[in-house]
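Data file: query-v9.cif. Format and content: mmCIF, C-alpha atoms.
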data_coords
loop_
_atom_site.label_atom_id
_atom_site.label_comp_id
_atom_site.auth_asym_id
_atom_site.auth_seq_id
_atom_site.Cartn_x
_atom_site.Cartn_y
_atom_site.Cartn_z
CA MET A 39 39.71 20.35 9.89
CA ALA A 40 41.14 22.17 12.87
CA THR A 41 44.33 23.04 11.07
CA GLU A 42 42.38 24.87 8.43
CA ALA A 43 40.77 27.08 11.04
CA THR A 44 43.94 28.77 12.21
CA ASP A 45 45.62 30.86 9.59
CA ALA A 46 49.36 30.36 9.61
CA THR A 47 50.02 34.07 9.06
CA GLY A 48 47.37 35.56 11.32
CA GLY A 49 47.68 33.25 14.32
CA GLY A 50 44.06 33.89 15.33
CA LEU A 51 40.91 32.03 14.36
CA VAL A 52 40.29 32.35 10.65
CA PHE A 53 37.50 30.36 9.07
CA HIS A 54 37.47 29.19 5.52
CA PRO A 55 34.01 27.62 5.37
CA MET A 56 33.85 28.08 1.62
CA ASP A 57 37.07 26.23 0.86
CA GLN A 58 35.20 22.94 0.71
CA PHE A 59 33.41 24.17 -2.40
CA ILE A 60 36.60 24.86 -4.36
CA ILE A 61 36.75 22.86 -7.54
CA LYS A 62 40.11 21.28 -8.21
CA PRO A 63 41.40 18.45 -10.37
CA MET A 64 40.81 15.12 -8.68
CA PHE A 65 43.98 13.55 -9.98
CA GLY A 66 47.16 15.64 -10.05
CA ASP A 67 47.41 19.41 -10.37
CA GLY A 68 46.98 21.81 -13.19
CA ASP A 69 44.35 23.90 -14.87
CA ILE A 70 40.75 22.91 -15.11
CA GLY A 71 39.91 22.26 -18.72
CA LEU A 72 36.56 21.28 -20.12
CA PHE A 73 37.11 17.55 -19.70
CA THR A 74 39.29 17.56 -16.57
CA ILE A 75 38.01 15.09 -14.00
CA THR A 76 37.55 17.50 -11.10
CA ASN A 77 36.31 16.65 -7.62
CA SER A 78 32.87 17.72 -8.84
CA ALA A 79 33.04 15.37 -11.83
CA PHE A 80 34.38 12.58 -9.63
CA TRP A 81 31.47 12.78 -7.19
CA MET A 82 28.99 13.00 -10.05
CA ILE A 83 30.44 9.78 -11.48
CA LEU A 84 30.18 8.26 -8.01
CA ALA A 85 26.53 9.31 -7.99
CA ILE A 86 26.04 7.45 -11.27
CA ILE A 87 27.71 4.37 -9.78
CA VAL A 88 25.53 4.53 -6.65
CA ILE A 89 22.36 4.92 -8.72
CA VAL A 90 23.32 2.04 -11.01
CA ALA A 91 24.16 -0.10 -7.97
CA LEU A 92 20.80 0.64 -6.38
CA MET A 93 18.47 0.68 -9.37
CA VAL A 94 20.12 -1.88 -11.68
CA VAL A 95 22.33 -4.18 -9.61
CA GLY A 96 19.96 -4.03 -6.66
CA THR A 97 17.00 -5.17 -8.76
CA ARG A 98 18.85 -7.82 -10.78
CA SER A 99 17.06 -10.73 -9.09
CA ARG A 100 13.63 -9.32 -10.11
CA ALA A 101 12.27 -11.04 -7.03
CA ILE A 102 8.56 -11.19 -6.31
CA VAL A 103 9.49 -10.90 -2.66
CA PRO A 104 12.08 -8.10 -2.87
CA THR A 105 15.54 -8.12 -1.37
CA ARG A 106 16.60 -5.16 0.72
CA SER A 107 18.19 -3.15 -2.09
CA GLN A 108 15.36 -3.98 -4.50
CA SER A 109 12.93 -2.81 -1.83
CA VAL A 110 14.69 0.55 -1.64
CA ALA A 111 14.69 0.87 -5.44
CA GLU A 112 10.99 0.06 -5.55
CA LEU A 113 10.39 2.55 -2.75
CA ALA A 114 12.11 5.32 -4.76
CA TYR A 115 10.19 4.29 -7.88
CA GLY A 116 6.85 4.28 -6.08
CA PHE A 117 7.62 7.55 -4.29
CA VAL A 118 8.29 9.51 -7.48
CA TYR A 119 5.64 7.72 -9.52
CA LYS A 120 2.95 8.47 -6.96
CA MET A 121 4.15 12.06 -6.69
CA ILE A 122 3.71 12.56 -10.43
CA GLU A 123 0.32 10.86 -10.41
CA ASP A 124 -0.92 12.91 -7.47
CA VAL A 125 0.53 16.30 -8.38
CA THR A 126 0.66 16.37 -12.15
CA GLY A 127 -1.94 13.82 -13.12
CA LYS A 128 -2.14 10.40 -14.72
CA ASP A 129 -1.35 11.75 -18.19
CA ALA A 130 2.07 12.93 -16.97
CA VAL A 131 3.51 9.49 -16.23
CA VAL A 132 5.20 9.54 -19.66
CA TYR A 133 7.61 12.12 -18.16
CA PHE A 134 8.32 9.78 -15.24
CA PRO A 135 11.88 8.75 -16.36
CA TYR A 136 12.81 12.43 -16.72
CA ILE A 137 11.61 13.39 -13.24
CA MET A 138 13.03 10.20 -11.75
CA THR A 139 16.43 11.14 -13.21
CA LEU A 140 16.30 14.56 -11.54
CA PHE A 141 15.20 13.10 -8.21
CA MET A 142 17.71 10.27 -8.15
CA PHE A 143 20.60 12.56 -9.11
CA ILE A 144 19.77 15.24 -6.52
CA VAL A 145 19.02 12.87 -3.65
CA THR A 146 22.13 10.79 -4.35
CA ALA A 147 24.40 13.82 -4.76
CA ASN A 148 23.01 15.36 -1.56
CA PHE A 149 23.62 12.22 0.46
CA LEU A 150 27.06 11.59 -1.04
CA GLY A 151 27.87 15.17 -0.04
CA LEU A 152 27.20 14.25 3.58
CA ILE A 153 30.11 11.82 3.64
CA PRO A 154 32.90 13.65 5.49
CA THR A 155 35.60 15.13 3.19
CA SER A 156 33.39 14.50 0.17
CA PHE A 157 32.37 17.12 -2.37
CA THR A 158 28.74 18.17 -2.73
CA THR A 159 27.98 18.71 -6.42
CA THR A 160 24.50 20.09 -5.73
CA SER A 161 25.95 22.94 -3.66
CA HIS A 162 27.02 24.69 -6.85
CA PHE A 163 24.82 27.10 -8.72
CA ALA A 164 26.29 25.92 -12.02
CA VAL A 165 24.71 22.52 -11.38
CA THR A 166 21.37 23.59 -9.94
CA ILE A 167 20.86 26.36 -12.50
CA ILE A 168 21.26 23.84 -15.31
CA LEU A 169 18.82 21.48 -13.58
CA ALA A 170 16.30 24.28 -13.03
CA LEU A 171 16.76 25.69 -16.55
CA ALA A 172 16.22 22.23 -18.01
CA VAL A 173 12.92 22.03 -16.13
CA PHE A 174 11.97 25.60 -17.07
CA LEU A 175 12.71 25.11 -20.78
CA THR A 176 11.01 21.73 -20.89
CA VAL A 177 7.91 23.07 -19.20
CA THR A 178 7.75 26.17 -21.38
CA ILE A 179 8.30 24.34 -24.67
CA LEU A 180 5.96 21.53 -23.65
CA GLY A 181 3.32 24.07 -22.64
CA PHE A 182 3.35 25.72 -26.06
CA VAL A 183 3.55 22.41 -27.94
CA LYS A 184 0.66 20.89 -26.02
CA ASN A 185 -1.61 23.93 -25.76
CA GLY A 186 -0.37 26.36 -28.42
CA ALA A 187 -1.25 29.94 -27.57
CA GLY A 188 -3.61 28.56 -24.93
CA PHE A 189 -0.58 28.16 -22.69
CA LEU A 190 -0.64 31.95 -22.23
CA GLY A 191 -3.94 31.39 -20.40
CA LEU A 192 -1.69 30.46 -17.48
CA PHE A 193 -1.00 34.19 -17.03
CA TRP A 194 -4.58 35.33 -17.57
CA VAL A 195 -6.37 34.57 -14.30
CA SER A 196 -9.94 34.19 -15.56
CA SER A 197 -11.34 33.77 -12.06
CA ALA A 198 -10.21 37.28 -11.04
CA PRO A 199 -12.25 40.46 -11.70
CA LEU A 200 -11.55 41.83 -15.19
CA PRO A 201 -9.78 45.08 -14.14
CA LEU A 202 -7.36 43.09 -11.99
CA ARG A 203 -6.42 40.63 -14.70
CA PRO A 204 -3.71 42.71 -16.49
CA VAL A 205 -2.04 43.42 -13.16
CA LEU A 206 -2.19 39.76 -12.19
CA ALA A 207 -0.89 38.82 -15.63
CA ILE A 208 2.25 40.91 -15.04
CA ILE A 209 2.71 39.39 -11.58
CA GLU A 210 2.17 35.88 -12.95
CA LEU A 211 4.64 36.55 -15.75
CA ILE A 212 7.32 37.78 -13.35
CA SER A 213 6.73 34.86 -11.01
CA TYR A 214 6.96 32.49 -13.95
CA PHE A 215 10.38 33.79 -14.95
CA VAL A 216 11.61 33.86 -11.36
CA ARG A 217 10.82 30.16 -11.06
CA PRO A 218 14.16 28.81 -12.37
CA VAL A 219 16.04 31.25 -10.13
CA SER A 220 14.22 30.26 -6.94
CA HIS A 221 14.17 26.64 -8.03
CA SER A 222 17.97 26.50 -8.36
CA ILE A 223 19.02 28.82 -5.53
CA ARG A 224 16.76 27.00 -3.06
CA LEU A 225 18.57 23.74 -3.63
CA ALA A 226 22.14 25.02 -3.84
CA GLY A 227 21.59 27.56 -1.05
CA ASN A 228 20.23 25.01 1.40
CA VAL A 229 22.95 22.48 0.75
CA MET A 230 25.74 25.08 0.77
CA ALA A 231 24.53 26.80 3.94
CA GLY A 232 24.37 23.55 5.88
CA HIS A 233 27.85 22.49 4.84
CA ALA A 234 29.28 25.94 5.54
CA VAL A 235 27.72 26.03 9.02
CA ILE A 236 29.15 22.61 9.85
CA LYS A 237 32.56 23.89 8.71
CA VAL A 238 32.26 26.99 10.92
CA PHE A 239 31.45 24.79 13.94
CA ALA A 240 34.41 22.62 13.01
CA GLY A 241 36.59 25.76 13.07
CA PHE A 242 35.43 26.54 16.61
CA ALA A 243 36.44 23.04 17.67
CA ALA A 244 40.07 24.26 17.58
CA ILE A 245 39.48 26.02 20.90
CA TRP A 246 39.43 23.18 23.40
CA THR A 247 37.01 24.86 25.82
CA ILE A 248 34.41 25.24 23.14
CA ALA A 249 35.18 21.95 21.44
CA PRO A 250 32.53 19.77 23.23
CA VAL A 251 29.76 22.24 22.39
CA SER A 252 31.11 22.52 18.88
CA VAL A 253 31.15 18.76 18.34
CA LEU A 254 27.59 18.50 19.66
CA ALA A 255 26.54 21.31 17.35
CA ILE A 256 28.18 19.54 14.40
CA ALA A 257 26.29 16.34 15.27
CA ALA A 258 23.02 18.26 15.48
CA MET A 259 23.68 20.08 12.21
CA TYR A 260 24.57 16.80 10.55
CA GLY A 261 21.22 15.35 11.58
CA LEU A 262 19.49 18.40 10.20
CA GLU A 263 21.48 18.12 6.97
CA ILE A 264 20.35 14.52 6.50
CA LEU A 265 16.80 15.85 6.65
CA VAL A 266 17.65 18.75 4.31
CA ALA A 267 19.36 16.42 1.82
CA PHE A 268 16.14 14.49 1.33
CA ILE A 269 13.70 17.36 1.69
CA GLN A 270 15.46 19.54 -0.89
CA ALA A 271 15.48 16.69 -3.40
CA TYR A 272 11.79 16.16 -2.65
CA VAL A 273 11.01 19.88 -2.96
CA PHE A 274 12.89 20.17 -6.24
CA THR A 275 11.04 17.16 -7.66
CA ILE A 276 7.59 18.17 -6.48
CA LEU A 277 8.08 21.70 -7.85
CA THR A 278 9.05 20.14 -11.17
CA CYS A 279 5.77 18.21 -11.03
CA VAL A 280 3.84 21.38 -10.23
CA TYR A 281 5.47 23.26 -13.13
CA LEU A 282 4.79 20.34 -15.42
CA LYS A 283 1.15 20.45 -14.39
CA ASP A 284 1.04 24.09 -15.52
CA ALA A 285 2.39 23.03 -18.90
CA LEU A 286 -0.14 20.24 -19.35
CA HIS A 287 -3.16 21.97 -17.80
CA PRO A 288 -2.51 25.74 -18.00
CA HIS A 289 -6.05 26.70 -17.03
CA HIS A 290 -6.48 27.19 -13.32
CA MET B 94 31.14 34.56 4.56
CA ALA B 95 32.79 36.84 2.04
CA THR B 96 30.46 37.66 -0.77
CA GLU B 97 32.31 40.33 -2.77
CA PRO B 98 31.53 39.91 -6.45
CA ILE B 99 34.10 38.28 -8.63
CA ASN B 100 34.71 40.03 -11.91
CA GLU B 101 36.21 38.57 -15.01
CA GLU B 102 39.70 39.89 -14.25
CA ILE B 103 40.24 37.96 -11.01
CA ALA B 104 38.09 35.06 -12.04
CA GLY B 105 41.27 33.31 -13.04
CA THR B 106 42.35 33.47 -9.44
CA CYS B 107 39.28 32.06 -7.74
CA VAL B 108 41.75 30.63 -5.24
CA ASP B 109 44.22 32.85 -3.45
CA SER B 110 47.88 32.14 -2.84
CA TYR B 111 47.04 30.24 0.39
CA GLY B 112 44.74 27.86 -1.49
CA SER B 113 41.64 29.39 0.05
CA ALA B 114 38.54 30.43 -1.81
CA VAL B 115 38.14 34.00 -2.91
CA GLY B 116 34.50 34.83 -2.30
CA MET B 117 32.03 32.13 -3.17
CA PRO B 118 33.46 29.32 -5.25
CA GLN B 119 29.93 28.89 -6.55
CA LEU B 120 30.29 32.17 -8.43
CA CYS B 121 33.59 31.32 -10.07
CA PHE B 122 32.55 31.21 -13.69
CA GLU B 123 35.89 29.79 -14.75
CA TRP B 124 34.72 26.37 -13.48
CA PHE B 125 31.23 26.52 -14.97
CA PRO B 126 31.90 24.83 -18.36
CA ASN B 127 33.57 21.84 -16.71
CA GLN B 128 30.79 21.46 -14.12
CA ILE B 129 28.02 21.83 -16.68
CA LEU B 130 29.64 19.36 -19.07
CA TRP B 131 30.00 16.70 -16.39
CA LEU B 132 26.50 17.39 -15.11
CA VAL B 133 25.05 16.87 -18.58
CA ILE B 134 27.07 13.67 -19.01
CA THR B 135 25.89 12.46 -15.60
CA LEU B 136 22.25 13.27 -16.27
CA VAL B 137 22.30 11.62 -19.70
CA VAL B 138 23.90 8.48 -18.28
CA ILE B 139 21.45 8.32 -15.37
CA PHE B 140 18.52 8.97 -17.71
CA LEU B 141 19.59 6.22 -20.11
CA VAL B 142 20.24 3.73 -17.32
CA LEU B 143 16.94 4.51 -15.63
CA SER B 144 14.71 4.69 -18.71
CA ARG B 145 16.28 1.72 -20.56
CA ILE B 146 17.05 -0.71 -17.75
CA ALA B 147 16.00 0.17 -14.22
CA LEU B 148 12.51 1.64 -14.55
CA PRO B 149 11.07 -0.94 -17.01
CA ARG B 150 12.52 -3.68 -14.83
CA ILE B 151 11.00 -2.30 -11.62
CA ALA B 152 7.70 -1.67 -13.41
CA ALA B 153 7.71 -5.29 -14.62
CA VAL B 154 8.50 -6.57 -11.14
CA LEU B 155 5.75 -4.46 -9.58
CA ALA B 156 3.24 -5.52 -12.25
CA GLU B 157 4.23 -9.15 -11.83
CA ARG B 158 3.87 -8.87 -8.08
CA GLN B 159 0.47 -7.24 -8.46
CA GLY B 160 -0.51 -10.00 -10.88
CA THR B 161 0.64 -12.67 -8.47
CA ILE B 162 -1.25 -11.07 -5.62
CA ASP B 163 -4.38 -10.71 -7.76
CA SER B 164 -4.25 -14.28 -9.00
CA ASP B 165 -3.63 -15.53 -5.47
CA ILE B 166 -6.58 -13.54 -4.20
CA SER B 167 -8.83 -14.82 -6.99
CA ALA B 168 -7.63 -18.39 -6.33
CA ALA B 169 -8.43 -17.90 -2.65
CA GLU B 170 -11.83 -16.54 -3.68
CA THR B 171 -12.48 -19.63 -5.82
CA LEU B 172 -11.39 -21.93 -3.02
CA LYS B 173 -13.64 -20.07 -0.61
CA LEU B 174 -16.60 -20.45 -2.99
CA GLN B 175 -15.79 -24.15 -3.35
CA ALA B 176 -15.64 -24.54 0.40
CA GLU B 177 -18.98 -22.77 0.72
CA ALA B 178 -20.52 -25.00 -1.94
CA ALA B 179 -19.14 -28.07 -0.20
CA GLU B 180 -20.56 -26.89 3.08
CA ALA B 181 -23.96 -26.26 1.48
CA ALA B 182 -23.90 -29.74 -0.08
CA TYR B 183 -22.99 -31.23 3.27
CA GLN B 184 -25.81 -29.34 4.98
CA LYS B 185 -28.23 -30.45 2.29
CA ALA B 186 -27.13 -34.08 2.63
CA LEU B 187 -27.54 -33.80 6.37
CA THR B 188 -31.05 -32.35 6.02
CA ASP B 189 -32.01 -34.98 3.46
CA ALA B 190 -30.72 -37.76 5.65
CA ARG B 191 -32.62 -36.38 8.59
CA ALA B 192 -35.82 -36.11 6.55
CA GLN B 193 -35.31 -39.63 5.22
CA ALA B 194 -34.73 -40.95 8.72
CA GLN B 195 -37.91 -39.27 9.89
CA GLY B 196 -39.81 -40.78 6.93
CA ILE B 197 -38.50 -44.24 7.71
CA ALA B 198 -39.38 -43.85 11.37
CA LYS B 199 -42.86 -42.69 10.44
CA GLU B 200 -43.38 -45.59 8.02
CA THR B 201 -42.14 -48.06 10.58
CA ARG B 202 -44.38 -46.56 13.18
CA ALA B 203 -47.35 -46.77 10.80
CA ALA B 204 -46.56 -50.40 9.91
CA ILE B 205 -46.23 -51.31 13.56
CA GLN B 206 -49.47 -49.48 14.30
CA LYS B 207 -51.18 -51.37 11.50
CA ASP B 208 -49.97 -54.74 12.80
CA LEU B 209 -50.97 -53.74 16.25
CA ASP B 210 -54.43 -52.67 15.14
CA ALA B 211 -54.91 -55.93 13.23
CA ALA B 212 -53.78 -57.96 16.22
CA ILE B 213 -56.06 -55.99 18.55
CA GLU B 214 -58.98 -56.45 16.18
CA LYS B 215 -58.32 -60.17 15.91
CA ALA B 216 -58.05 -60.45 19.64
CA ASP B 217 -61.28 -58.51 20.03
CA THR B 218 -63.14 -60.84 17.63
CA GLU B 219 -61.76 -63.85 19.43
CA ILE B 220 -62.75 -62.40 22.75
CA ALA B 221 -66.24 -61.62 21.39
CA ALA B 222 -66.59 -65.17 20.04
CA LYS B 223 -65.41 -66.62 23.31
CA THR B 224 -67.82 -64.36 25.23
CA ALA B 225 -70.77 -65.39 22.99
CA GLN B 226 -69.85 -69.03 23.42
CA SER B 227 -69.64 -68.63 27.13
CA GLU B 228 -72.94 -66.78 27.26
CA LYS B 229 -74.58 -69.53 25.23
CA ALA B 230 -73.12 -72.12 27.55
CA ILE B 231 -74.39 -70.18 30.55
CA ALA B 232 -77.84 -69.88 28.91
CA ASP B 233 -77.86 -73.63 28.24
CA ILE B 234 -76.83 -74.34 31.75
CA ARG B 235 -79.49 -71.94 33.02
CA ALA B 236 -82.16 -73.58 30.80
CA SER B 237 -81.16 -77.05 31.78
CA ALA B 238 -81.18 -75.93 35.39
CA LEU B 239 -84.79 -74.70 35.07
CA ASP B 240 -85.82 -78.00 33.49
CA SER B 241 -84.16 -79.86 36.29
CA VAL B 242 -85.95 -77.68 38.82
CA GLU B 243 -89.23 -78.53 37.09
CA ILE B 244 -88.50 -82.24 37.12
CA VAL B 245 -87.31 -82.11 40.68
CA ALA B 246 -90.43 -80.15 41.63
CA LYS B 247 -92.73 -82.71 39.97
CA GLU B 248 -90.92 -85.64 41.54
CA ALA B 249 -90.93 -83.88 44.87
CA ALA B 250 -94.63 -83.15 44.51
CA VAL B 251 -95.41 -86.77 43.61
CA ASP B 252 -93.32 -88.03 46.49
CA LEU B 253 -94.88 -85.50 48.81
CA VAL B 254 -98.37 -86.49 47.79
CA GLN B 255 -97.60 -90.21 48.23
CA ALA B 256 -96.00 -89.44 51.53
CA LEU B 257 -99.18 -87.70 52.68
CA GLY B 258 -100.97 -90.82 51.72
CA ILE B 259 -103.22 -89.17 49.25
CA ASN B 260 -104.00 -91.49 46.47
CA ALA B 261 -103.68 -89.59 43.35
CA ASN B 262 -102.72 -90.10 39.78
CA ASP B 263 -99.15 -89.14 39.02
CA ALA B 264 -100.16 -87.48 35.78
CA ASP B 265 -102.61 -85.27 37.62
CA ILE B 266 -99.96 -84.20 40.05
CA VAL B 267 -97.55 -83.35 37.28
CA ALA B 268 -100.27 -81.38 35.51
CA ALA B 269 -101.04 -79.58 38.73
CA VAL B 270 -97.37 -78.67 39.25
CA ASP B 271 -97.12 -77.51 35.67
CA SER B 272 -100.09 -75.26 36.06
CA GLN B 273 -98.68 -73.90 39.32
CA LEU B 274 -95.28 -73.26 37.68
CA LYS B 275 -96.85 -71.47 34.75
CA GLY B 276 -99.23 -69.56 36.95
#
I need this file expressed as structure tokens, please.
Amino acid sequence: MATEATDATGGGLVFHPMDQFIIKPMFGDGDIGLFTITNSAFWMILAIIVIVALMVVGTRSRAIVPTRSQSVAELAYGFVYKMIEDVTGKDAVVYFPYIMTLFMFIVTANFLGLIPTSFTTTSHFAVTIILALAVFLTVTILGFVKNGAGFLGLFWVSSAPLPLRPVLAIIELISYFVRPVSHSIRLAGNVMAGHAVIKVFAGFAAIWTIAPVSVLAIAAMYGLEILVAFIQAYVFTILTCVYLKDALHPHH
Amino acid sequence: MATEPINEEIAGTCVDSYGSAVGMPQLCFEWFPNQILWLVITLVVIFLVLSRIALPRIAAVLAERQGTIDSDISAAETLKLQAEAAEAAYQKALTDARAQAQGIAKETRAAIQKDLDAAIEKADTEIAAKTAQSEKAIADIRASALDSVEIVAKEAAVDLVQALGINANDADIVAAVDSQLKG
């Protein structure tokens, strides 16, 4: 890490905190085609493997008294299931596999990203925008399918005074379309910022007088990032539940 | 953090000649199709694995566990009821036995009392008979004693009269004593 901090040409301290987000082919060199297994693809496949190991291999004994891995799988299951029940309602449990997929992917990718020298797939807008757009489109389509034109009642705040309602409708409409943007940038931004800050501290570690402070700061940031990795997955999932609730019950 | 926008022309060189990122790699649209493709593949695989295998399995395990717990609790409930019934039966048996014992004791006491009363009564009659007999005997003795006194008195009177030298008929003396005794 320290070698990256000093630019060979400049001689002074030059940070490249964003270099860790560069996408490159995992095996060999060359251009990045559509199907090239890049570092991003590699860590996504690793995420699949981890999820399968936890949720399928870990629960293979189907024990009444769970083993450790089965316990964790059940914990994740119960966590998301209860979230959907509490936030969206009992009629939303049919969408449980969909939300569970989002949660498991994000939380696994976030934690895999915390392994030193790994690549964090959820730090890229391309990934989070697709995740957020999938939620946005699902919610919007589901809202119209379930409620027809009644879904537009979401924007017509019937509890507000009548003159205010058109104004509120415009605000509600804007906020509705900003949802996928905030939804995706929140996740990628948090993950990216944490990793970049750790990299900047790592760059400072090249100066030996600052190094102890820098290492301590990296340790502290790492602890914070562990928290962020879970919390951002949780926030993304719970917001999905909230949006889904709007689709199923658009009336306030 | 350099954030200058990346336009289409230099998008092909998201990485500079030193291998460092130009701007934010997140905004390098050249890599988007690859990332999105692999993301979709990943999500579909995870979704299939979760919805087909993992989630039904965990749901079954949780339901089975809940079932086991419920049946265990109901079995415990049944056993508890049985234990309570057994205890009630035991208490009832104890009470019955106690009542029975009291009954037997009472009966025994009554029987003993009856025997005792009979014996006392018999003894009383015997005592009364004996007393009457004794009284009769005493009365006889007393009567015979009075007769004896009379005889003795007559004899003594006759003797006394003879001793005084008065010549008198014995029958007159006896008659005189009789009249004195009656008087």
Interface residues on chain B facing chain A, 9 Å, only C-alpha atoms, written as a PyMOL selection string:
chain B and resi 94-95+107-108+112-120+122-133+135-144+146-148+150-155+157-158+161
Could those residues be written to a file, using C-alpha atoms, as a short mmCIF file (atom, residue, chain, number, x, y, z; two decimals), in the coordinates of the input?
data_model
loop_
_atom_site.label_atom_id
_atom_site.label_comp_id
_atom_site.auth_asym_id
_atom_site.auth_seq_id
_atom_site.Cartn_x
_atom_site.Cartn_y
_atom_site.Cartn_z
CA MET B 94 31.14 34.56 4.56
CA ALA B 95 32.79 36.84 2.04
CA CYS B 107 39.28 32.06 -7.74
CA VAL B 108 41.75 30.63 -5.24
CA GLY B 112 44.74 27.86 -1.49
CA SER B 113 41.64 29.39 0.05
CA ALA B 114 38.54 30.43 -1.81
CA VAL B 115 38.14 34.00 -2.91
CA GLY B 116 34.50 34.83 -2.30
CA MET B 117 32.03 32.13 -3.17
CA PRO B 118 33.46 29.32 -5.25
CA GLN B 119 29.93 28.89 -6.55
CA LEU B 120 30.29 32.17 -8.43
CA PHE B 122 32.55 31.21 -13.69
CA GLU B 123 35.89 29.79 -14.75
CA TRP B 124 34.72 26.37 -13.48
CA PHE B 125 31.23 26.52 -14.97
CA PRO B 126 31.90 24.83 -18.36
CA ASN B 127 33.57 21.84 -16.71
CA GLN B 128 30.79 21.46 -14.12
CA ILE B 129 28.02 21.83 -16.68
CA LEU B 130 29.64 19.36 -19.07
CA TRP B 131 30.00 16.70 -16.39
CA LEU B 132 26.50 17.39 -15.11
CA VAL B 133 25.05 16.87 -18.58
CA THR B 135 25.89 12.46 -15.60
CA LEU B 136 22.25 13.27 -16.27
CA VAL B 137 22.30 11.62 -19.70
CA VAL B 138 23.90 8.48 -18.28
CA ILE B 139 21.45 8.32 -15.37
CA PHE B 140 18.52 8.97 -17.71
CA LEU B 141 19.59 6.22 -20.11
CA VAL B 142 20.24 3.73 -17.32
CA LEU B 143 16.94 4.51 -15.63
CA SER B 144 14.71 4.69 -18.71
CA ILE B 146 17.05 -0.71 -17.75
CA ALA B 147 16.00 0.17 -14.22
CA LEU B 148 12.51 1.64 -14.55
CA ARG B 150 12.52 -3.68 -14.83
CA ILE B 151 11.00 -2.30 -11.62
CA ALA B 152 7.70 -1.67 -13.41
CA ALA B 153 7.71 -5.29 -14.62
CA VAL B 154 8.50 -6.57 -11.14
CA LEU B 155 5.75 -4.46 -9.58
CA GLU B 157 4.23 -9.15 -11.83
CA ARG B 158 3.87 -8.87 -8.08
CA THR B 161 0.64 -12.67 -8.47
#
Draw an axis-aligned box over all listed atoms of range 163-179 of chain B, pad each side with 6 Å, and write its centre and edge lengths in Å, one decimal, as lines of an AutoDock Vina configuration file.
center_x = -12.1
center_y = -19.4
center_z = -4.1
size_x = 28.9
size_y = 29.4
size_z = 21.7
Select, from B:Ala168, B:Thr224, B:Gln273, B:Ala264, the residue with the minimum atom-to-atom distance to Val251 in chain B, counting all atoms listed in the file.
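Counting all atoms listed in the file, the residue closest to Val251 in chain B is B:Ala264.
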Of A:Ala271, A:Leu171, A:Ala114, A:Ile276, the one nearest to Val216 in chain A when counting only C-alpha atoms is A:Leu171
Neighbouring residues of Phe268 in chain A were defined as those with any atom within 12 Å, considering only C-alpha atoms; residues of the same chain fewer than 2 positions away were excluded. Please report them as number ranges by chain.
A: 114, 141-152, 225, 228-229, 261-266, 270-275
Name the residues in contact with Ala130 in chain A at a cut-off of 12 Å, using all atoms listed in the file, excluding same-chain residues fewer than 6 positions from it; report them as a list in words.
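So, after excluding close chain neighbours, the residues are Val118, Tyr119, Lys120, Met121, Ile122, Glu123, Asp124, Tyr136, Ile137, Val177, Leu180, Thr278, Cys279, Val280, Tyr281, Leu282, Lys283, Asp284, Ala285, Leu286 and His287 of chain A.
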Tell me which residues the PyMOL selection byres ((chain A and resi 256) around 9) grabs here, as a ChimeraX atom specification.
/A:235-237,239-240,251-255,257-261
Take the residues from that selection and write them out as an mmCIF file, in the frame of the given file, keeping C-alpha atoms.
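Okay, out.cif is ready:
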data_model
loop_
_atom_site.group_PDB
_atom_site.id
_atom_site.type_symbol
_atom_site.label_atom_id
_atom_site.label_comp_id
_atom_site.auth_asym_id
_atom_site.auth_seq_id
_atom_site.Cartn_x
_atom_site.Cartn_y
_atom_site.Cartn_z
ATOM 1 C CA VAL A 235 27.720 26.030 9.020
ATOM 2 C CA ILE A 236 29.150 22.610 9.850
ATOM 3 C CA LYS A 237 32.560 23.890 8.710
ATOM 4 C CA PHE A 239 31.450 24.790 13.940
ATOM 5 C CA ALA A 240 34.410 22.620 13.010
ATOM 6 C CA VAL A 251 29.760 22.240 22.390
ATOM 7 C CA SER A 252 31.110 22.520 18.880
ATOM 8 C CA VAL A 253 31.150 18.760 18.340
ATOM 9 C CA LEU A 254 27.590 18.500 19.660
ATOM 10 C CA ALA A 255 26.540 21.310 17.350
ATOM 11 C CA ALA A 257 26.290 16.340 15.270
ATOM 12 C CA ALA A 258 23.020 18.260 15.480
ATOM 13 C CA MET A 259 23.680 20.080 12.210
ATOM 14 C CA TYR A 260 24.570 16.800 10.550
ATOM 15 C CA GLY A 261 21.220 15.350 11.580
#
Between CA of Ala222 in chain B and CA of Asp210 in chain B, what is the distance in Å, rounded to a tenth?
18.1 Å
